[in-house]
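Raw contents of data-v5.pdb, PDB, C-alpha atoms:
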ATOM      1  CA  MET A  22      -4.732 -26.024  19.398  1.00  0.00           C
ATOM      2  CA  LYS A  23      -6.984 -24.022  17.092  1.00  0.00           C
ATOM      3  CA  TYR A  24      -6.065 -21.516  14.392  1.00  0.00           C
ATOM      4  CA  LEU A  25      -7.679 -18.279  13.230  1.00  0.00           C
ATOM      5  CA  ILE A  26      -7.555 -17.098   9.627  1.00  0.00           C
ATOM      6  CA  GLY A  27      -9.555 -14.620   7.581  1.00  0.00           C
ATOM      7  CA  ASP A  28     -10.219 -13.184   4.147  1.00  0.00           C
ATOM      8  CA  ILE A  29     -10.858  -9.424   4.009  1.00  0.00           C
ATOM      9  CA  GLY A  30     -12.580  -8.499   0.756  1.00  0.00           C
ATOM     10  CA  ASN A  31     -13.880  -5.188  -0.518  1.00  0.00           C
ATOM     11  CA  THR A  32     -17.484  -6.197   0.131  1.00  0.00           C
ATOM     12  CA  SER A  33     -17.377  -8.986   2.709  1.00  0.00           C
ATOM     13  CA  THR A  34     -15.001 -10.436   5.289  1.00  0.00           C
ATOM     14  CA  LYS A  35     -14.888 -14.092   6.306  1.00  0.00           C
ATOM     15  CA  ILE A  36     -13.174 -15.212   9.506  1.00  0.00           C
ATOM     16  CA  CYS A  37     -12.684 -18.904  10.291  1.00  0.00           C
ATOM     17  CA  ILE A  38     -11.606 -20.948  13.288  1.00  0.00           C
ATOM     18  CA  LEU A  39      -9.685 -24.037  12.198  1.00  0.00           C
ATOM     19  CA  SER A  40      -9.103 -27.319  13.993  1.00  0.00           C
ATOM     20  CA  ARG A  41      -5.616 -28.643  14.743  1.00  0.00           C
ATOM     21  CA  LYS A  42      -5.901 -30.475  11.405  1.00  0.00           C
ATOM     22  CA  PHE A  43      -6.663 -27.145   9.673  1.00  0.00           C
ATOM     23  CA  LYS A  44     -10.293 -27.987   8.953  1.00  0.00           C
ATOM     24  CA  ILE A  45     -12.980 -25.312   9.332  1.00  0.00           C
ATOM     25  CA  LEU A  46     -14.724 -25.511  12.717  1.00  0.00           C
ATOM     26  CA  ARG A  47     -16.636 -22.218  12.607  1.00  0.00           C
ATOM     27  CA  SER A  48     -17.082 -19.404  10.112  1.00  0.00           C
ATOM     28  CA  TYR A  49     -18.138 -15.790  10.632  1.00  0.00           C
ATOM     29  CA  ASN A  50     -19.205 -13.524   7.778  1.00  0.00           C
ATOM     30  CA  PHE A  51     -19.392  -9.732   7.994  1.00  0.00           C
ATOM     31  CA  ASP A  52     -19.843  -6.745   5.747  1.00  0.00           C
ATOM     32  CA  THR A  53     -16.327  -5.341   5.416  1.00  0.00           C
ATOM     33  CA  SER A  54     -17.646  -1.846   6.163  1.00  0.00           C
ATOM     34  CA  LYS A  55     -18.465  -3.028   9.703  1.00  0.00           C
ATOM     35  CA  MET A  56     -14.863  -4.075  10.271  1.00  0.00           C
ATOM     36  CA  TYR A  57     -13.880  -0.385  10.442  1.00  0.00           C
ATOM     37  CA  LYS A  58     -16.204   0.451  13.319  1.00  0.00           C
ATOM     38  CA  ASN A  59     -16.490  -2.652  15.451  1.00  0.00           C
ATOM     39  CA  ASN A  60     -13.812  -4.723  17.129  1.00  0.00           C
ATOM     40  CA  LEU A  61     -15.451  -7.901  15.896  1.00  0.00           C
ATOM     41  CA  LEU A  62     -12.289  -9.980  16.058  1.00  0.00           C
ATOM     42  CA  LYS A  63     -11.963  -9.469  19.819  1.00  0.00           C
ATOM     43  CA  LYS A  64     -15.542 -10.661  20.228  1.00  0.00           C
ATOM     44  CA  ILE A  65     -14.808 -13.796  18.203  1.00  0.00           C
ATOM     45  CA  ILE A  66     -11.665 -14.776  20.097  1.00  0.00           C
ATOM     46  CA  GLY A  67     -13.458 -14.006  23.361  1.00  0.00           C
ATOM     47  CA  LYS A  68     -16.121 -16.655  22.793  1.00  0.00           C
ATOM     48  CA  LYS A  69     -15.939 -19.711  25.052  1.00  0.00           C
ATOM     49  CA  THR A  70     -16.082 -22.011  22.022  1.00  0.00           C
ATOM     50  CA  ASN A  71     -12.988 -20.329  20.565  1.00  0.00           C
ATOM     51  CA  LYS A  72     -10.520 -20.880  23.385  1.00  0.00           C
ATOM     52  CA  ASN A  73      -6.997 -22.281  22.932  1.00  0.00           C
ATOM     53  CA  ILE A  74      -6.282 -20.392  19.706  1.00  0.00           C
ATOM     54  CA  ASN A  75      -2.731 -20.121  18.394  1.00  0.00           C
ATOM     55  CA  PRO A  76      -1.627 -16.482  18.922  1.00  0.00           C
ATOM     56  CA  VAL A  77      -0.682 -16.026  15.237  1.00  0.00           C
ATOM     57  CA  PHE A  78      -3.593 -14.984  13.003  1.00  0.00           C
ATOM     58  CA  LEU A  79      -3.256 -15.102   9.214  1.00  0.00           C
ATOM     59  CA  PHE A  80      -5.295 -13.018   6.764  1.00  0.00           C
ATOM     60  CA  SER A  81      -5.548 -12.347   3.086  1.00  0.00           C
ATOM     61  CA  SER A  82      -6.624  -8.740   2.605  1.00  0.00           C
ATOM     62  CA  VAL A  83      -7.374  -6.420  -0.291  1.00  0.00           C
ATOM     63  CA  VAL A  84      -8.447  -3.630   2.097  1.00  0.00           C
ATOM     64  CA  PRO A  85      -5.290  -2.362   3.855  1.00  0.00           C
ATOM     65  CA  LYS A  86      -7.173   0.018   6.182  1.00  0.00           C
ATOM     66  CA  VAL A  87      -9.267  -2.806   7.631  1.00  0.00           C
ATOM     67  CA  PHE A  88      -6.219  -5.031   8.083  1.00  0.00           C
ATOM     68  CA  MET A  89      -4.369  -2.220   9.891  1.00  0.00           C
ATOM     69  CA  ASN A  90      -7.443  -1.575  12.035  1.00  0.00           C
ATOM     70  CA  ILE A  91      -7.417  -5.210  13.146  1.00  0.00           C
ATOM     71  CA  LYS A  92      -3.690  -5.034  13.896  1.00  0.00           C
ATOM     72  CA  ASN A  93      -4.106  -1.858  15.926  1.00  0.00           C
ATOM     73  CA  ASN A  94      -7.030  -3.250  17.913  1.00  0.00           C
ATOM     74  CA  LEU A  95      -4.959  -6.259  18.984  1.00  0.00           C
ATOM     75  CA  LYS A  96      -1.647  -4.429  19.412  1.00  0.00           C
ATOM     76  CA  SER A  97      -1.746  -4.665  23.211  1.00  0.00           C
ATOM     77  CA  THR A  98      -2.605  -8.378  23.240  1.00  0.00           C
ATOM     78  CA  LYS A  99      -0.542 -11.533  22.829  1.00  0.00           C
ATOM     79  CA  PHE A 100      -1.856 -12.038  19.309  1.00  0.00           C
ATOM     80  CA  LYS A 101       0.245 -11.457  16.199  1.00  0.00           C
ATOM     81  CA  ILE A 102      -1.506 -10.505  12.961  1.00  0.00           C
ATOM     82  CA  LEU A 103       0.037 -11.477   9.615  1.00  0.00           C
ATOM     83  CA  GLU A 104      -1.025 -10.901   6.020  1.00  0.00           C
ATOM     84  CA  ILE A 105      -0.422 -13.710   3.554  1.00  0.00           C
ATOM     85  CA  LYS A 106       2.082 -11.588   1.609  1.00  0.00           C
ATOM     86  CA  ASN A 107       4.244 -11.429   4.757  1.00  0.00           C
ATOM     87  CA  LEU A 108       5.088 -15.113   4.218  1.00  0.00           C
ATOM     88  CA  LYS A 109       7.701 -16.696   1.939  1.00  0.00           C
ATOM     89  CA  LEU A 110       5.132 -17.841  -0.583  1.00  0.00           C
ATOM     90  CA  ASN A 111       7.728 -19.051  -3.089  1.00  0.00           C
ATOM     91  CA  LYS A 112       8.220 -22.068  -0.823  1.00  0.00           C
ATOM     92  CA  ILE A 113       4.748 -23.366  -1.659  1.00  0.00           C
ATOM     93  CA  ILE A 114       3.809 -21.827  -5.011  1.00  0.00           C
ATOM     94  CA  LYS A 115       5.623 -20.245  -7.933  1.00  0.00           C
ATOM     95  CA  ILE A 116       4.060 -16.977  -9.122  1.00  0.00           C
ATOM     96  CA  ASN A 117       4.947 -16.228 -12.736  1.00  0.00           C
ATOM     97  CA  ILE A 118       3.872 -12.603 -13.246  1.00  0.00           C
ATOM     98  CA  LYS A 119       5.663  -9.262 -13.705  1.00  0.00           C
ATOM     99  CA  ASN A 120       4.912  -7.594 -10.374  1.00  0.00           C
ATOM    100  CA  LYS A 121       4.075  -9.994  -7.548  1.00  0.00           C
ATOM    101  CA  LYS A 122       3.573  -7.170  -5.042  1.00  0.00           C
ATOM    102  CA  LYS A 123       0.513  -5.933  -6.934  1.00  0.00           C
ATOM    103  CA  LEU A 124      -1.191  -9.324  -7.084  1.00  0.00           C
ATOM    104  CA  GLY A 125      -4.249  -9.414  -4.810  1.00  0.00           C
ATOM    105  CA  SER A 126      -3.889 -11.527  -1.681  1.00  0.00           C
ATOM    106  CA  ASP A 127      -7.245 -13.190  -2.335  1.00  0.00           C
ATOM    107  CA  ARG A 128      -6.036 -14.333  -5.754  1.00  0.00           C
ATOM    108  CA  ILE A 129      -2.836 -15.701  -4.202  1.00  0.00           C
ATOM    109  CA  ALA A 130      -4.900 -17.600  -1.633  1.00  0.00           C
ATOM    110  CA  ASN A 131      -7.155 -18.999  -4.366  1.00  0.00           C
ATOM    111  CA  ALA A 132      -4.107 -20.178  -6.296  1.00  0.00           C
ATOM    112  CA  ILE A 133      -2.631 -21.916  -3.257  1.00  0.00           C
ATOM    113  CA  GLY A 134      -5.989 -23.529  -2.521  1.00  0.00           C
ATOM    114  CA  ALA A 135      -6.237 -24.905  -6.064  1.00  0.00           C
ATOM    115  CA  LYS A 136      -2.566 -25.753  -6.624  1.00  0.00           C
ATOM    116  CA  LYS A 137      -3.042 -29.491  -6.054  1.00  0.00           C
ATOM    117  CA  LEU A 138      -5.334 -29.592  -9.106  1.00  0.00           C
ATOM    118  CA  LYS A 139      -2.247 -28.731 -11.207  1.00  0.00           C
ATOM    119  CA  ASN A 140      -4.150 -27.129 -14.114  1.00  0.00           C
ATOM    120  CA  CYS A 141      -6.993 -24.992 -12.847  1.00  0.00           C
ATOM    121  CA  LEU A 142      -8.983 -21.899 -13.796  1.00  0.00           C
ATOM    122  CA  ILE A 143     -10.561 -20.157 -10.805  1.00  0.00           C
ATOM    123  CA  ILE A 144     -13.433 -17.746 -11.414  1.00  0.00           C
ATOM    124  CA  ASP A 145     -14.180 -15.607  -8.364  1.00  0.00           C
ATOM    125  CA  PHE A 146     -17.428 -13.599  -8.429  1.00  0.00           C
ATOM    126  CA  GLY A 147     -16.502 -10.895  -5.941  1.00  0.00           C
ATOM    127  CA  THR A 148     -16.523  -7.104  -6.110  1.00  0.00           C
ATOM    128  CA  ALA A 149     -14.548  -7.769  -9.282  1.00  0.00           C
ATOM    129  CA  THR A 150     -14.948 -10.923 -11.358  1.00  0.00           C
ATOM    130  CA  THR A 151     -11.507 -12.490 -11.537  1.00  0.00           C
ATOM    131  CA  PHE A 152     -10.143 -15.364 -13.600  1.00  0.00           C
ATOM    132  CA  ASP A 153      -6.903 -16.924 -12.314  1.00  0.00           C
ATOM    133  CA  VAL A 154      -4.841 -19.492 -14.168  1.00  0.00           C
ATOM    134  CA  ILE A 155      -2.885 -22.281 -12.469  1.00  0.00           C
ATOM    135  CA  LYS A 156      -0.784 -24.117 -15.053  1.00  0.00           C
ATOM    136  CA  ASN A 157       1.314 -27.113 -14.025  1.00  0.00           C
ATOM    137  CA  GLY A 158       0.982 -25.972 -10.412  1.00  0.00           C
ATOM    138  CA  ILE A 159       2.305 -22.475 -11.220  1.00  0.00           C
ATOM    139  CA  TYR A 160       0.287 -19.276 -10.943  1.00  0.00           C
ATOM    140  CA  GLU A 161       0.438 -17.768 -14.436  1.00  0.00           C
ATOM    141  CA  GLY A 162      -1.771 -14.673 -14.127  1.00  0.00           C
ATOM    142  CA  GLY A 163      -5.347 -14.014 -15.104  1.00  0.00           C
ATOM    143  CA  VAL A 164      -8.105 -11.607 -16.040  1.00  0.00           C
ATOM    144  CA  ILE A 165      -9.992  -8.980 -14.023  1.00  0.00           C
ATOM    145  CA  ALA A 166     -13.483  -7.870 -15.116  1.00  0.00           C
ATOM    146  CA  PRO A 167     -16.046  -5.645 -13.361  1.00  0.00           C
ATOM    147  CA  GLY A 168     -18.068  -7.430 -10.702  1.00  0.00           C
ATOM    148  CA  VAL A 169     -21.763  -8.098 -11.333  1.00  0.00           C
ATOM    149  CA  ASN A 170     -23.166  -6.187  -8.342  1.00  0.00           C
ATOM    150  CA  LEU A 171     -20.723  -3.323  -8.863  1.00  0.00           C
ATOM    151  CA  SER A 172     -21.800  -2.986 -12.495  1.00  0.00           C
ATOM    152  CA  ILE A 173     -25.490  -2.987 -11.587  1.00  0.00           C
ATOM    153  CA  LYS A 174     -24.936  -0.381  -8.864  1.00  0.00           C
ATOM    154  CA  ASN A 175     -22.752   1.874 -11.029  1.00  0.00           C
ATOM    155  CA  LEU A 176     -25.242   1.873 -13.900  1.00  0.00           C
ATOM    156  CA  SER A 177     -28.092   2.820 -11.570  1.00  0.00           C
ATOM    157  CA  GLN A 178     -26.064   5.586  -9.912  1.00  0.00           C
ATOM    158  CA  ALA A 179     -24.929   7.030 -13.247  1.00  0.00           C
ATOM    159  CA  THR A 180     -28.424   7.238 -14.726  1.00  0.00           C
ATOM    160  CA  ALA A 181     -31.535   9.122 -13.653  1.00  0.00           C
ATOM    161  CA  LEU A 182     -34.142   6.522 -14.561  1.00  0.00           C
ATOM    162  CA  LEU A 183     -32.528   3.062 -14.437  1.00  0.00           C
ATOM    163  CA  PRO A 184     -33.218   1.273 -11.135  1.00  0.00           C
ATOM    164  CA  LEU A 185     -31.216  -1.177  -9.091  1.00  0.00           C
ATOM    165  CA  ILE A 186     -32.279  -4.720  -9.883  1.00  0.00           C
ATOM    166  CA  ASN A 187     -31.904  -8.206  -8.452  1.00  0.00           C
ATOM    167  CA  LEU A 188     -30.885 -10.562 -11.238  1.00  0.00           C
ATOM    168  CA  LYS A 189     -33.256 -13.357 -12.206  1.00  0.00           C
ATOM    169  CA  ILE A 190     -31.788 -16.404 -13.900  1.00  0.00           C
ATOM    170  CA  HIS A 191     -34.767 -17.118 -16.158  1.00  0.00           C
ATOM    171  CA  GLN A 192     -34.265 -14.733 -19.083  1.00  0.00           C
ATOM    172  CA  LYS A 193     -35.813 -16.391 -22.161  1.00  0.00           C
ATOM    173  CA  THR A 194     -36.102 -13.327 -24.383  1.00  0.00           C
ATOM    174  CA  TYR A 195     -35.185  -9.670 -24.588  1.00  0.00           C
ATOM    175  CA  GLY A 196     -36.972  -7.308 -22.251  1.00  0.00           C
ATOM    176  CA  LYS A 197     -40.509  -5.986 -22.659  1.00  0.00           C
ATOM    177  CA  ASN A 198     -39.930  -3.402 -19.928  1.00  0.00           C
ATOM    178  CA  THR A 199     -36.969  -1.664 -18.266  1.00  0.00           C
ATOM    179  CA  ILE A 200     -36.419  -4.305 -15.560  1.00  0.00           C
ATOM    180  CA  GLU A 201     -36.502  -7.169 -18.062  1.00  0.00           C
ATOM    181  CA  ALA A 202     -34.203  -5.287 -20.431  1.00  0.00           C
ATOM    182  CA  LEU A 203     -31.677  -4.635 -17.655  1.00  0.00           C
ATOM    183  CA  ASN A 204     -31.865  -8.246 -16.516  1.00  0.00           C
ATOM    184  CA  ALA A 205     -31.258  -9.457 -20.080  1.00  0.00           C
ATOM    185  CA  GLY A 206     -28.301  -7.128 -20.450  1.00  0.00           C
ATOM    186  CA  PHE A 207     -26.584  -8.270 -17.291  1.00  0.00           C
ATOM    187  CA  VAL A 208     -27.431 -11.986 -17.469  1.00  0.00           C
ATOM    188  CA  TRP A 209     -26.666 -12.409 -21.171  1.00  0.00           C
ATOM    189  CA  GLY A 210     -23.784  -9.968 -21.001  1.00  0.00           C
ATOM    190  CA  TYR A 211     -22.002 -11.754 -18.171  1.00  0.00           C
ATOM    191  CA  GLU A 212     -22.832 -15.158 -19.632  1.00  0.00           C
ATOM    192  CA  GLY A 213     -21.047 -14.083 -22.802  1.00  0.00           C
ATOM    193  CA  LEU A 214     -18.176 -12.436 -20.922  1.00  0.00           C
ATOM    194  CA  ILE A 215     -17.517 -15.487 -18.762  1.00  0.00           C
ATOM    195  CA  ASN A 216     -17.649 -18.033 -21.586  1.00  0.00           C
ATOM    196  CA  ASN A 217     -15.603 -15.842 -23.921  1.00  0.00           C
ATOM    197  CA  ILE A 218     -12.810 -15.357 -21.361  1.00  0.00           C
ATOM    198  CA  ILE A 219     -12.762 -19.089 -20.575  1.00  0.00           C
ATOM    199  CA  ASP A 220     -12.491 -19.891 -24.289  1.00  0.00           C
ATOM    200  CA  LYS A 221      -9.715 -17.319 -24.790  1.00  0.00           C
ATOM    201  CA  ILE A 222      -7.665 -18.699 -21.891  1.00  0.00           C
ATOM    202  CA  ILE A 223      -8.068 -22.314 -23.023  1.00  0.00           C
ATOM    203  CA  SER A 224      -7.281 -21.526 -26.672  1.00  0.00           C
ATOM    204  CA  ARG A 225      -4.053 -19.761 -25.718  1.00  0.00           C
ATOM    205  CA  SER A 226      -2.919 -22.443 -23.273  1.00  0.00           C
ATOM    206  CA  LYS A 227      -4.172 -25.517 -25.133  1.00  0.00           C
ATOM    207  CA  ILE A 228      -4.635 -27.209 -21.766  1.00  0.00           C
ATOM    208  CA  LYS A 229      -7.709 -28.822 -20.257  1.00  0.00           C
ATOM    209  CA  TYR A 230      -8.376 -26.907 -17.049  1.00  0.00           C
ATOM    210  CA  LYS A 231     -10.424 -27.853 -14.021  1.00  0.00           C
ATOM    211  CA  ILE A 232     -12.772 -24.864 -13.670  1.00  0.00           C
ATOM    212  CA  LEU A 233     -13.620 -23.755 -10.127  1.00  0.00           C
ATOM    213  CA  LEU A 234     -16.241 -21.138  -9.284  1.00  0.00           C
ATOM    214  CA  THR A 235     -16.415 -19.200  -6.035  1.00  0.00           C
ATOM    215  CA  GLY A 236     -18.010 -16.012  -4.734  1.00  0.00           C
ATOM    216  CA  GLY A 237     -21.525 -14.596  -4.664  1.00  0.00           C
ATOM    217  CA  TYR A 238     -22.686 -15.438  -8.204  1.00  0.00           C
ATOM    218  CA  ALA A 239     -21.006 -18.848  -8.516  1.00  0.00           C
ATOM    219  CA  ASN A 240     -24.291 -20.767  -8.268  1.00  0.00           C
ATOM    220  CA  PHE A 241     -26.150 -18.252 -10.441  1.00  0.00           C
ATOM    221  CA  PHE A 242     -23.822 -18.550 -13.439  1.00  0.00           C
ATOM    222  CA  ASN A 243     -22.790 -22.187 -13.004  1.00  0.00           C
ATOM    223  CA  LYS A 244     -25.407 -23.569 -15.410  1.00  0.00           C
ATOM    224  CA  MET A 245     -24.594 -20.901 -18.014  1.00  0.00           C
ATOM    225  CA  ILE A 246     -20.965 -21.921 -18.349  1.00  0.00           C
ATOM    226  CA  LYS A 247     -20.420 -24.137 -21.388  1.00  0.00           C
ATOM    227  CA  LYS A 248     -17.481 -25.999 -19.867  1.00  0.00           C
ATOM    228  CA  LYS A 249     -17.907 -28.308 -16.905  1.00  0.00           C
ATOM    229  CA  ALA A 250     -17.304 -26.417 -13.662  1.00  0.00           C
ATOM    230  CA  ALA A 251     -17.372 -27.079  -9.917  1.00  0.00           C
ATOM    231  CA  ILE A 252     -18.231 -24.721  -7.066  1.00  0.00           C
ATOM    232  CA  ASP A 253     -15.972 -24.287  -4.033  1.00  0.00           C
ATOM    233  CA  GLN A 254     -16.970 -21.421  -1.753  1.00  0.00           C
ATOM    234  CA  ASP A 255     -14.076 -22.176   0.609  1.00  0.00           C
ATOM    235  CA  ILE A 256     -11.210 -22.150  -1.906  1.00  0.00           C
ATOM    236  CA  THR A 257      -9.795 -18.864  -0.563  1.00  0.00           C
ATOM    237  CA  ILE A 258      -9.946 -20.052   3.038  1.00  0.00           C
ATOM    238  CA  LYS A 259      -8.375 -23.401   2.041  1.00  0.00           C
ATOM    239  CA  GLY A 260      -5.479 -21.506   0.460  1.00  0.00           C
ATOM    240  CA  ILE A 261      -4.914 -19.372   3.562  1.00  0.00           C
ATOM    241  CA  ALA A 262      -5.113 -22.503   5.730  1.00  0.00           C
ATOM    242  CA  ASN A 263      -2.537 -24.277   3.549  1.00  0.00           C
ATOM    243  CA  ALA A 264      -0.225 -21.264   3.744  1.00  0.00           C
ATOM    244  CA  TYR A 265      -0.561 -21.236   7.537  1.00  0.00           C
ATOM    245  CA  LYS A 266       0.094 -24.973   7.783  1.00  0.00           C
ATOM    246  CA  GLU A 267       3.150 -24.884   5.532  1.00  0.00           C
ATOM    247  CA  LEU A 268       4.772 -21.556   6.398  1.00  0.00           C
ATOM    248  CA  ILE A 269       3.982 -20.673  10.034  1.00  0.00           C
TER     249      ILE A 269
END

Before anything else, please render the file you have as structure tokens.
Amino acid sequence: MKYLIGDIGNTSTKICILSRKFKILRSYNFDTSKMYKNNLLKKIIGKKTNKNINPVFLFSSVVPKVFMNIKNNLKSTKFKILEIKNLKLNKIIKINIKNKKKLGSDRIANAIGAKKLKNCLIIDFGTATTFDVIKNGIYEGGVIAPGVNLSIKNLSQATALLPLINLKIHQKTYGKNTIEALNAGFVWGYEGLINNIIDKIISRSKIKYKILLTGGYANFFNKMIKKKAAIDQDITIKGIANAYKELI
């Protein structure tokens, strides 16, 4: 028996086929915008290599329209589509915040994936840059900051003369032209933002956290983080897999 799970983000969607031991066999990555127009999931489950899949699919989703589109496309089939918030999550992780319903499914999945580390700070470089705190195995909340690519795009769109740029990691001094100045602003700015938020969280908790990085800029900013950090690009998928294994 195989299992299908997925993570629907604002920018990208990742769909994975898992083995009977809940290990990743195959991964498929798409722009989330394409999930509106194409029935990509039917194509995936129709592949010869993806036969014998359990009829229950589990997703984390922060884009309700895409999730509903997937459900509607498979309505006439044997497959049942669930979102991670449909499950009784309190059986596997305690969430200690004011309004659990408003907590993003991706952040819940990250917390479940990192729960075994007991004390963990997860930094996810997605459309937003999120910082999530796991303290003594309990999800305690976090911080949401603007995402790097979103900030670059918004600045370019809001100004007549500032271009879109691709960040370069080697920024030794302030800029001598517009591109260098923009690169310095974003690289140094996010370096300061990331380290400052980490320091604030640690100083208020007085706990030594394992720091995990995931998402598009995890490798880019890894060397700029003052504290020791590890990269895990599958932490969200691991959390969804654990939820499936324990609750379905």

Output of the PyMOL selection byres ((chain A and resi 184) around 10), listed as a PDB file with C-alpha atoms, in the frame of the given file:
ATOM      1  CA  ILE A 173     -25.490  -2.987 -11.587  1.00  0.00           C
ATOM      2  CA  LYS A 174     -24.936  -0.381  -8.864  1.00  0.00           C
ATOM      3  CA  LEU A 176     -25.242   1.873 -13.900  1.00  0.00           C
ATOM      4  CA  SER A 177     -28.092   2.820 -11.570  1.00  0.00           C
ATOM      5  CA  GLN A 178     -26.064   5.586  -9.912  1.00  0.00           C
ATOM      6  CA  THR A 180     -28.424   7.238 -14.726  1.00  0.00           C
ATOM      7  CA  ALA A 181     -31.535   9.122 -13.653  1.00  0.00           C
ATOM      8  CA  LEU A 182     -34.142   6.522 -14.561  1.00  0.00           C
ATOM      9  CA  LEU A 183     -32.528   3.062 -14.437  1.00  0.00           C
ATOM     10  CA  LEU A 185     -31.216  -1.177  -9.091  1.00  0.00           C
ATOM     11  CA  ILE A 186     -32.279  -4.720  -9.883  1.00  0.00           C
ATOM     12  CA  ASN A 187     -31.904  -8.206  -8.452  1.00  0.00           C
ATOM     13  CA  THR A 199     -36.969  -1.664 -18.266  1.00  0.00           C
ATOM     14  CA  ILE A 200     -36.419  -4.305 -15.560  1.00  0.00           C
ATOM     15  CA  LEU A 203     -31.677  -4.635 -17.655  1.00  0.00           C
TER      16      LEU A 203
END

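Taking atom CA of Lys99 of chain A as the reference point, atom CA of Val77 of chain A is found at 8.8 Å.
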
(5.3, -19.6, -7.0) in this file's frame - what residues fall within 8 Å of it? Use all atoms listed in the file and give the answer as a tab-separated table (two decimals) with C-alpha atoms, in the coordinates of the input.
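Now in selection_35.tsv:
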chain	number	residue	atom	x	y	z
A	110	LEU	CA	5.13	-17.84	-0.58
A	111	ASN	CA	7.73	-19.05	-3.09
A	112	LYS	CA	8.22	-22.07	-0.82
A	113	ILE	CA	4.75	-23.37	-1.66
A	114	ILE	CA	3.81	-21.83	-5.01
A	115	LYS	CA	5.62	-20.24	-7.93
A	116	ILE	CA	4.06	-16.98	-9.12
A	117	ASN	CA	4.95	-16.23	-12.74
A	159	ILE	CA	2.31	-22.48	-11.22
A	160	TYR	CA	0.29	-19.28	-10.94

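Excluding Asn60 of chain A itself and any same-chain residue fewer than 5 positions from it, the protein and nucleic acid residues within 10 Å of it, counting all atoms listed in the file, are Lys55, Ile65, Asn90, Ile91, Asn94 and Leu95 of chain A.
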
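For Phe51 of chain A, the list of residues within 8 Å, based on only C-alpha atoms and with local chain neighbours fewer than 4 positions off taken out, reads A:Ser33, A:Thr34, A:Lys35, A:Lys55, A:Met56.
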
Compute the distance from (-5.8, -16.4, 6.2) to each atom, counting all atoms listed in the file, keep the residues with any atom at most 10 Å away, and return them as a PyMOL selection string; use the coordinates of the file. chain A and resi 24-29+35-37+78-82+102-105+126-127+130+257-265

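Taking atom CA of Phe152 of chain A and atom CA of Tyr195 of chain A as endpoints, the distance between them is 27.9 Å.
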